[in-house]
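*Asks:* Got a file for you: run_23.txt, compact mmCIF, C-alpha atoms.
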```
# COMPACT_ATOMS: atom_id res chain seq x y z
CA MET A 10 -26.75 79.23 -32.69
CA LYS A 11 -23.95 76.91 -33.53
CA ASN A 12 -23.12 75.67 -37.02
CA THR A 13 -21.15 72.43 -36.64
CA VAL A 14 -19.60 71.72 -40.04
CA LYS A 15 -18.96 68.08 -40.84
CA LYS A 16 -17.27 66.92 -43.97
CA ASN A 17 -19.09 63.78 -45.02
CA LEU A 18 -22.01 63.79 -47.40
CA CYS A 19 -24.44 61.82 -45.25
CA THR A 20 -24.20 64.37 -42.47
CA PHE A 21 -24.62 67.20 -44.98
CA ILE A 22 -27.84 65.72 -46.33
CA ALA A 23 -28.91 65.63 -42.73
CA VAL A 24 -28.14 69.55 -42.13
CA ILE A 25 -27.63 73.77 -42.73
CA VAL A 26 -28.76 77.59 -41.87
CA ALA A 27 -29.64 81.13 -43.13
CA ALA A 28 -28.63 84.54 -44.60
CA SER A 29 -28.18 87.50 -47.15
CA ALA A 30 -30.83 89.15 -49.33
CA THR A 31 -34.59 88.66 -49.08
CA ILE A 32 -37.34 86.49 -50.45
CA VAL A 33 -40.95 85.94 -49.50
CA PHE A 34 -43.10 82.95 -50.36
CA ALA A 35 -46.68 83.55 -49.23
CA GLY A 36 -48.71 80.43 -48.64
CA CYS A 37 -51.90 81.88 -47.29
CA SER A 38 -54.31 82.83 -50.04
CA ASP A 39 -53.54 81.93 -53.62
CA ASN A 40 -52.64 78.27 -53.56
CA GLY A 41 -56.02 77.10 -54.80
CA ALA A 42 -56.39 74.55 -52.03
CA PRO A 43 -59.58 72.53 -52.55
CA GLN A 44 -62.32 72.61 -49.98
CA ALA A 45 -63.51 69.45 -48.30
CA SER A 46 -66.25 67.77 -50.34
CA THR A 47 -69.50 66.57 -48.82
CA GLY A 48 -70.91 63.14 -49.48
CA SER A 49 -74.22 62.42 -51.29
CA GLU A 50 -77.32 61.32 -49.45
CA GLY A 51 -78.34 57.68 -49.48
CA VAL A 52 -81.93 56.32 -49.40
CA ALA A 53 -83.03 53.04 -47.79
CA SER A 54 -86.43 51.43 -48.45
CA GLN A 55 -88.42 49.63 -45.79
CA THR A 56 -91.62 47.49 -46.07
CA SER A 57 -94.16 47.47 -43.22
CA ASP A 58 -96.33 44.55 -42.09
CA ASP A 59 -99.31 45.89 -44.05
CA ALA A 60 -97.18 45.99 -47.22
CA SER A 61 -97.08 49.78 -47.41
CA ALA A 62 -93.74 51.17 -48.63
CA VAL A 63 -92.09 53.79 -46.53
CA SER A 64 -89.03 55.71 -47.71
CA GLN A 65 -86.53 56.81 -45.15
CA THR A 66 -83.59 59.08 -45.85
CA LYS A 67 -80.27 58.35 -44.20
CA GLN A 68 -77.90 61.20 -43.51
CA PRO A 69 -74.26 60.46 -44.36
CA ALA A 70 -71.70 60.46 -41.58
CA LYS A 71 -70.48 63.98 -41.04
CA LYS A 72 -66.99 64.46 -42.36
CA ARG A 73 -64.53 65.62 -39.73
CA GLU A 74 -63.21 69.13 -40.25
CA THR A 75 -59.50 69.38 -40.95
CA ILE A 76 -57.00 72.18 -40.98
CA LYS A 77 -56.15 73.81 -44.32
CA ILE A 78 -52.99 75.42 -45.68
CA ASP A 79 -55.06 78.58 -46.18
CA ASP A 80 -55.25 78.70 -42.36
CA ILE A 81 -51.46 79.04 -42.13
CA ALA A 82 -50.02 82.39 -43.18
CA TRP A 83 -46.35 81.56 -43.75
CA ASN A 84 -43.35 83.22 -45.35
CA VAL A 85 -39.62 82.71 -45.72
CA ASP A 86 -37.40 85.76 -45.49
CA GLN A 87 -34.03 87.06 -44.39
CA GLY A 88 -33.59 87.52 -40.67
CA ILE A 89 -30.92 88.18 -38.06
CA VAL A 90 -30.59 86.06 -34.92
CA ASP A 91 -27.83 86.62 -32.35
CA GLY A 92 -26.12 89.01 -34.78
CA GLU A 93 -26.00 86.53 -37.69
CA LYS A 94 -28.07 86.44 -40.87
CA TYR A 95 -30.18 83.38 -41.58
CA VAL A 96 -32.94 82.27 -43.92
CA LEU A 97 -35.93 81.95 -41.60
CA LEU A 98 -39.54 80.81 -41.78
CA ASP A 99 -42.33 82.53 -39.84
CA TYR A 100 -45.98 81.54 -39.71
CA THR A 101 -49.24 82.64 -38.11
CA ASN A 102 -51.93 80.14 -37.13
CA ASN A 103 -55.22 81.53 -38.43
CA SER A 104 -57.13 78.28 -37.79
CA LYS A 105 -59.33 77.41 -34.82
CA TYR A 106 -56.98 74.58 -33.83
CA THR A 107 -53.81 74.47 -31.74
CA VAL A 108 -50.92 73.61 -34.07
CA THR A 109 -48.29 71.35 -32.50
CA ASP A 110 -45.89 70.85 -35.43
CA PHE A 111 -45.35 72.62 -38.75
CA GLU A 112 -42.94 71.59 -41.49
CA MET A 113 -42.29 72.89 -45.00
CA THR A 114 -40.21 71.09 -47.60
CA PHE A 115 -38.93 72.80 -50.72
CA LYS A 116 -37.96 71.23 -54.04
CA GLU A 117 -35.78 72.32 -56.93
CA LYS A 118 -37.48 74.74 -59.32
CA GLY A 119 -38.01 73.60 -62.89
CA SER A 120 -36.46 76.85 -64.10
CA VAL A 121 -33.08 76.17 -62.45
CA THR A 122 -30.33 76.02 -65.11
CA GLU A 123 -27.23 73.85 -65.23
CA GLU A 124 -25.17 76.97 -64.61
CA ASP A 125 -27.22 77.71 -61.49
CA LYS A 126 -26.57 74.19 -60.25
CA GLU A 127 -22.81 74.31 -60.91
CA ASN A 128 -22.54 77.58 -59.00
CA PHE A 129 -24.53 76.03 -56.14
CA TYR A 130 -22.36 72.90 -55.95
CA ASN A 131 -19.13 74.90 -56.15
CA GLU A 132 -20.26 77.19 -53.34
CA ILE A 133 -21.34 74.43 -50.96
CA LYS A 134 -18.20 72.44 -51.76
CA ASP A 135 -16.12 75.39 -50.62
CA LYS A 136 -18.38 76.28 -47.68
CA PHE A 137 -18.45 72.77 -46.21
CA SER A 138 -15.07 71.45 -47.43
CA MET A 139 -16.72 68.63 -49.36
CA SER A 140 -14.79 66.23 -51.56
CA ASP A 141 -15.26 65.74 -55.30
CA ASP A 142 -16.87 62.36 -54.58
CA ASP A 143 -19.30 63.96 -52.15
CA ILE A 144 -20.31 66.55 -54.73
CA SER A 145 -20.65 63.92 -57.46
CA GLU A 146 -23.02 61.96 -55.23
CA LEU A 147 -24.91 65.09 -54.27
CA LYS A 148 -25.47 65.92 -57.93
CA GLN A 149 -27.53 62.74 -58.23
CA ARG A 150 -30.17 64.39 -56.03
CA ASP A 151 -32.48 67.30 -56.79
CA ILE A 152 -31.74 70.36 -54.71
CA SER A 153 -34.06 70.52 -51.71
CA MET A 154 -34.47 72.31 -48.36
CA HIS A 155 -36.73 72.21 -45.33
CA ALA A 156 -37.86 74.06 -42.22
CA GLU A 157 -39.72 72.65 -39.21
CA THR A 158 -40.77 73.52 -35.69
CA GLU A 159 -42.47 71.78 -32.75
CA LYS A 160 -43.54 75.01 -31.07
CA ILE A 161 -47.12 75.03 -29.79
CA VAL A 162 -48.95 77.78 -31.68
CA GLU A 163 -52.43 78.71 -30.49
CA PRO A 164 -55.08 80.19 -32.82
CA GLY A 165 -54.10 83.73 -33.77
CA GLU A 166 -50.51 83.32 -32.56
CA SER A 167 -47.26 83.10 -34.53
CA ALA A 168 -43.98 81.18 -34.57
CA LYS A 169 -40.94 83.12 -35.73
CA ASN A 170 -37.27 82.61 -36.61
CA ILE A 171 -37.58 78.98 -37.68
CA ASN A 172 -34.36 77.94 -39.39
CA CYS A 173 -34.26 76.59 -42.93
CA TYR A 174 -31.83 73.77 -43.73
CA TYR A 175 -30.19 72.25 -46.80
CA TYR A 176 -31.76 69.04 -48.07
CA SER A 177 -33.24 66.96 -45.22
CA GLY A 178 -30.27 67.69 -42.99
CA ILE A 179 -29.25 69.99 -40.15
CA TYR A 180 -26.89 72.49 -41.78
CA TYR A 181 -28.35 75.98 -41.42
CA LEU A 182 -29.18 77.81 -44.65
CA LYS A 183 -27.46 81.20 -44.76
CA ASP A 184 -27.41 82.03 -48.46
CA ILE A 185 -30.67 83.50 -49.76
CA ASN A 186 -29.49 82.95 -53.33
CA HIS A 187 -29.48 79.22 -52.65
CA PHE A 188 -33.05 79.45 -51.37
CA ASN A 189 -34.02 81.10 -54.67
CA LEU A 190 -33.36 77.74 -56.34
CA VAL A 191 -36.31 76.00 -54.63
CA GLU A 192 -40.10 76.27 -54.37
CA PRO A 193 -42.69 74.89 -51.91
CA ASP A 194 -43.23 71.14 -52.12
CA VAL A 195 -45.15 69.70 -49.12
CA ALA A 196 -46.53 71.25 -45.93
CA THR A 197 -47.06 69.01 -42.88
CA ILE A 198 -49.38 70.35 -40.19
CA LYS A 199 -50.06 68.62 -36.87
CA TYR A 200 -52.93 69.98 -34.83
CA ILE A 201 -55.11 69.17 -31.82
CA ASN A 202 -58.77 68.21 -32.18
CA ASP A 203 -60.69 66.56 -29.31
CA ASN A 204 -57.46 65.89 -27.37
CA LYS A 205 -55.93 64.02 -30.30
CA ILE A 206 -53.11 65.11 -32.56
CA TYR A 207 -53.94 64.78 -36.25
CA THR A 208 -51.54 65.15 -39.18
CA SER A 209 -52.50 66.83 -42.45
CA TYR A 210 -50.31 67.06 -45.58
CA TYR A 211 -50.68 69.55 -48.42
CA ASP A 212 -49.00 68.97 -51.81
CA PHE A 213 -48.34 72.30 -53.49
CA SER A 214 -47.92 70.68 -56.93
CA THR A 215 -51.25 68.84 -57.01
CA LYS A 216 -53.01 71.20 -54.57
CA LYS A 217 -54.35 68.16 -52.73
CA TYR A 218 -54.57 67.15 -49.08
CA SER A 219 -53.79 63.86 -47.41
CA GLU A 220 -54.78 63.00 -43.84
CA ASP A 221 -52.67 60.57 -41.84
CA GLU A 222 -54.76 57.71 -40.45
CA ASN A 223 -52.64 57.54 -37.30
CA THR A 224 -53.31 59.87 -34.39
CA GLU A 225 -51.79 60.25 -30.94
CA GLU A 226 -52.98 61.47 -27.58
CA ALA A 227 -52.33 65.14 -27.11
CA TYR A 228 -51.65 64.58 -23.39
CA TYR A 229 -50.10 61.27 -22.34
CA TRP A 230 -49.55 60.33 -18.72
CA THR A 231 -48.40 57.04 -17.24
CA THR A 232 -50.63 54.90 -15.05
CA SER A 233 -47.60 53.57 -13.18
CA GLU A 234 -46.55 54.63 -9.68
CA LEU A 235 -43.78 56.77 -11.18
CA GLY A 236 -46.40 59.19 -12.47
CA THR A 237 -47.56 59.92 -8.92
CA LYS A 238 -44.11 61.02 -7.77
CA ILE A 239 -43.72 64.03 -10.07
CA PRO A 240 -46.10 66.88 -10.95
CA LYS A 241 -48.16 66.85 -14.13
CA PRO A 242 -47.13 69.76 -16.36
CA ASP A 243 -49.84 72.38 -16.98
CA VAL A 244 -49.62 72.23 -20.79
CA LYS A 245 -51.71 70.96 -23.72
CA VAL A 246 -49.19 68.52 -25.17
CA VAL A 247 -47.24 65.77 -23.38
CA LYS A 248 -45.62 63.08 -25.53
CA LYS A 249 -44.32 59.78 -24.19
CA CYS A 250 -40.63 58.96 -24.50
CA ILE A 251 -40.48 55.88 -22.27
CA ASP A 252 -42.91 54.18 -19.91
CA ASN A 253 -42.08 51.01 -17.97
CA GLU A 254 -41.79 49.91 -14.35
CA ASP A 255 -38.32 51.44 -14.00
CA SER A 256 -38.58 54.67 -16.00
CA PHE A 257 -41.11 57.22 -17.18
CA GLY A 258 -39.99 59.88 -19.62
CA PHE A 259 -41.94 62.51 -21.54
CA GLU A 260 -41.68 65.77 -23.46
CA ALA A 261 -43.97 68.65 -22.44
CA TYR A 262 -44.54 71.34 -25.07
CA GLY A 263 -45.51 74.99 -24.86
CA LEU A 264 -43.37 76.04 -21.90
CA SER A 265 -41.29 79.16 -21.36
CA LEU A 266 -38.00 78.98 -19.47
CA ASP A 267 -39.73 80.58 -16.47
CA GLN A 268 -42.36 77.84 -16.53
CA PHE A 269 -39.63 75.23 -16.72
CA ASN A 270 -38.01 76.75 -13.62
CA GLU A 271 -41.39 76.66 -11.84
CA TYR A 272 -41.66 72.96 -12.64
CA VAL A 273 -38.16 72.40 -11.22
CA ASP A 274 -39.29 74.13 -8.01
CA LYS A 275 -42.31 71.82 -7.77
CA CYS A 276 -40.02 68.81 -8.06
CA LYS A 277 -37.85 70.23 -5.29
CA GLN A 278 -40.92 70.64 -3.10
CA LEU A 279 -41.63 66.92 -3.62
CA GLY A 280 -38.20 66.10 -2.19
CA PHE A 281 -35.95 65.92 -5.26
CA THR A 282 -33.05 67.78 -3.68
CA VAL A 283 -30.48 65.04 -2.95
CA ASP A 284 -27.21 65.26 -4.90
CA GLU A 285 -28.73 67.93 -7.11
CA SER A 286 -27.03 69.26 -10.23
CA SER A 287 -28.32 72.30 -12.10
CA TYR A 288 -27.64 75.12 -14.52
CA GLU A 289 -29.93 77.18 -16.76
CA GLY A 290 -32.31 74.83 -18.54
CA TYR A 291 -31.17 71.73 -16.65
CA TYR A 292 -31.85 70.03 -13.31
CA SER A 293 -31.20 66.57 -11.88
CA ALA A 294 -31.57 65.23 -8.34
CA ASP A 295 -32.64 62.23 -6.23
CA ASP A 296 -35.19 62.04 -3.46
CA LYS A 297 -34.57 60.34 -0.10
CA ASP A 298 -35.82 57.00 -1.49
CA GLY A 299 -33.41 57.00 -4.41
CA TYR A 300 -35.78 58.06 -7.20
CA ASN A 301 -34.04 60.32 -9.71
CA VAL A 302 -35.44 63.09 -11.90
CA TYR A 303 -33.72 64.54 -14.94
CA LEU A 304 -35.12 67.71 -16.52
CA SER A 305 -33.84 69.70 -19.50
CA TYR A 306 -35.28 72.58 -21.53
CA LYS A 307 -35.04 73.29 -25.26
CA GLU A 308 -35.60 76.97 -25.90
CA ASP A 309 -35.83 76.77 -29.70
CA ASP A 310 -39.08 74.77 -29.56
CA ASN A 311 -40.18 75.69 -26.02
CA TYR A 312 -40.38 72.21 -24.54
CA MET A 313 -38.87 70.26 -21.67
CA THR A 314 -37.77 66.66 -21.39
CA VAL A 315 -38.44 64.94 -18.07
CA THR A 316 -37.38 61.48 -16.92
CA ILE A 317 -37.98 59.83 -13.56
CA ASP A 318 -36.11 56.60 -12.77
CA ALA A 319 -36.81 54.17 -9.98
CA PRO A 320 -33.91 53.41 -7.62
CA SER A 321 -31.62 50.66 -8.83
CA GLU A 322 -31.64 47.51 -6.73
```
Here is the file; what I need is its structure written in the form of structure tokens.

*Replies:*
Amino acid sequence: MKNTVKKNLCTFIAVIVAASATIVFAGCSDNGAPQASTGSEGVASQTSDDASAVSQTKQPAKKRETIKIDDIAWNVDQGIVDGEKYVLLDYTNNSKYTVTDFEMTFKEKGSVTEEDKENFYNEIKDKFSMSDDDISELKQRDISMHAETEKIVEPGESAKNINCYYYSGIYYLKDINHFNLVEPDVATIKYINDNKIYTSYYDFSTKKYSEDENTEEAYYWTTSELGTKIPKPDVKVVKKCIDNEDSFGFEAYGLSLDQFNEYVDKCKQLGFTVDESSYEGYYSADDKDGYNVYLSYKEDDNYMTVTIDAPSE
């Protein structure tokens, strides 16, 4: 893992990673999450031709089941990756749904003292070589952190070693004492139901859920000719990046590096071997007609990006 330190505040609030002692926040059993409520029955009256009244009971529309935070057994703790200590989030999917994305945000605890804050600001100022102006601006914000992953996690499976970051940025969190200054705020869970990806939010303060009205196809594939020239990945989730007459690009989730290499081989078998360029986790080549494929693999979240471009005129 690489920790690229930048000096300006905007980049900081977009970044950080992990480290020291230990802490565990369990989010699986005692959060008091409310259960979905059922609607009341409605009754409609109807009059027949012979004037006799007949009552007919209508059943309410069945409420769609949604995933609950109780279904996600998560914790944040100290961990070591590639010989370095980080603050890491792990979670196990105990639901019946495939989880495609999981994010936790953390907010400043109400018990944090002014002394705690001053120590925090002094330490990050030194760690990231921030200016007095940067720190002054940062003090206008509550302390916050987050962790997120796009790993596909099937029912009963787990995702591990998910980095935590300062604020909403990309700097790895490495100081567990800094993590002690925050508490859970909002969990965002994306999951597959009937080949659609739904998004559910859980607010730890109010113990309430919100369901996003927008959904997306779990598996997107172009109807253009470009989609016939490359193999369809054998995965549950394919998200569109670009789709027009000249280019089709997508991200396919839930792949190991070995499966990525198998996909590269399939592209080669289809003729993408002209002017090839490759190294681990990357491949690019043309076919004899001038179509180009570009493939890259991201190991942290186990997905590949694929783009096929039509030949330029």

*Asks:* Can you tell me, as a count of residues only, what residues are no more than 10 Å from Phe129 (chain A) when counting all atoms listed in the file, ignoring any on the same chain fewer than 3 positions away?

*Replies:* 11

*Asks:* Show which residues sit within 8 Å of Leu98 (chain A), as an mmCIF file with C-alpha atoms, keeping the file's coordinate frame. Count all atoms listed in the file, and ignore same-chain residues fewer than 3 positions away.

*Replies:*
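File produced: part17.cif:
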```
data_model
loop_
_atom_site.group_PDB
_atom_site.id
_atom_site.type_symbol
_atom_site.label_atom_id
_atom_site.label_comp_id
_atom_site.auth_asym_id
_atom_site.auth_seq_id
_atom_site.Cartn_x
_atom_site.Cartn_y
_atom_site.Cartn_z
ATOM 1 C CA TRP A 83 -46.350 81.560 -43.750
ATOM 2 C CA ASN A 84 -43.350 83.220 -45.350
ATOM 3 C CA VAL A 85 -39.620 82.710 -45.720
ATOM 4 C CA ASP A 86 -37.400 85.760 -45.490
ATOM 5 C CA ALA A 156 -37.860 74.060 -42.220
ATOM 6 C CA LYS A 169 -40.940 83.120 -35.730
ATOM 7 C CA ASN A 170 -37.270 82.610 -36.610
ATOM 8 C CA ILE A 171 -37.580 78.980 -37.680
ATOM 9 C CA ASN A 172 -34.360 77.940 -39.390
ATOM 10 C CA CYS A 173 -34.260 76.590 -42.930
#
```

*Asks:* Which is closest to Glu220 (chain A) among A:Lys297, A:Lys94, A:Arg73, A:Lys136, if we use all atoms listed in the file?

*Replies:*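 Closest to Glu220 (chain A), using all atoms listed in the file: A:Arg73.
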
*Asks:* Taking all atoms listed in the file into account, name the residue in A:Ile201, A:Leu304, A:Ile317, A:Ile161 that is nearest to Thr231 (chain A).

*Replies:* A:Ile317

*Asks:* Between A:Thr75, A:Ala319, A:Tyr106, A:Phe259, which residue has the minimum interatomic distance to Asp221 (chain A), considering all atoms listed in the file?

*Replies:*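 Selected residue with least distance to Asp221 (chain A): A:Thr75.
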
*Asks:* Restricting the calculation to all atoms listed in the file, which member of A:Tyr306, A:Phe213, A:Tyr180, A:Phe115 is positioned closest to Asp151 (chain A)?

*Replies:*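 Ranking A:Tyr306, A:Phe213, A:Tyr180, A:Phe115 by distance to Asp151 (chain A), first place goes to A:Phe115.
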
*Asks:* One decimal, Å: what's the distance from CA of Thr232 (chain A) over to CA of Val247 (chain A), could you say?

*Replies:*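 Taking CA of Thr232 (chain A) and CA of Val247 (chain A), their separation equals 14.1 Å.
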
*Asks:* Skip Gln149 (chain A) itself and residues of its chain fewer than 6 positions away, then list as a ChimeraX atom specification all residues within 12 Å of it, counting only C-alpha atoms.

*Replies:* /A:126,130,142-143

*Asks:* For Lys248 (chain A), list every protein, DNA or RNA residue within 8 Å, evaluated using only C-alpha atoms, and leave out those in the same chain fewer than 3 positions away; present the list as an MDAnalysis selection string.

*Replies:* chainID A and resid 226:229 259:261

*Asks:* What is the CA of Thr101 (chain A)-CA of Ile81 (chain A) distance in Å, reported with one decimal?

*Replies:*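 Interatomic distance, CA of Thr101 (chain A) to CA of Ile81 (chain A): 5.8 Å.
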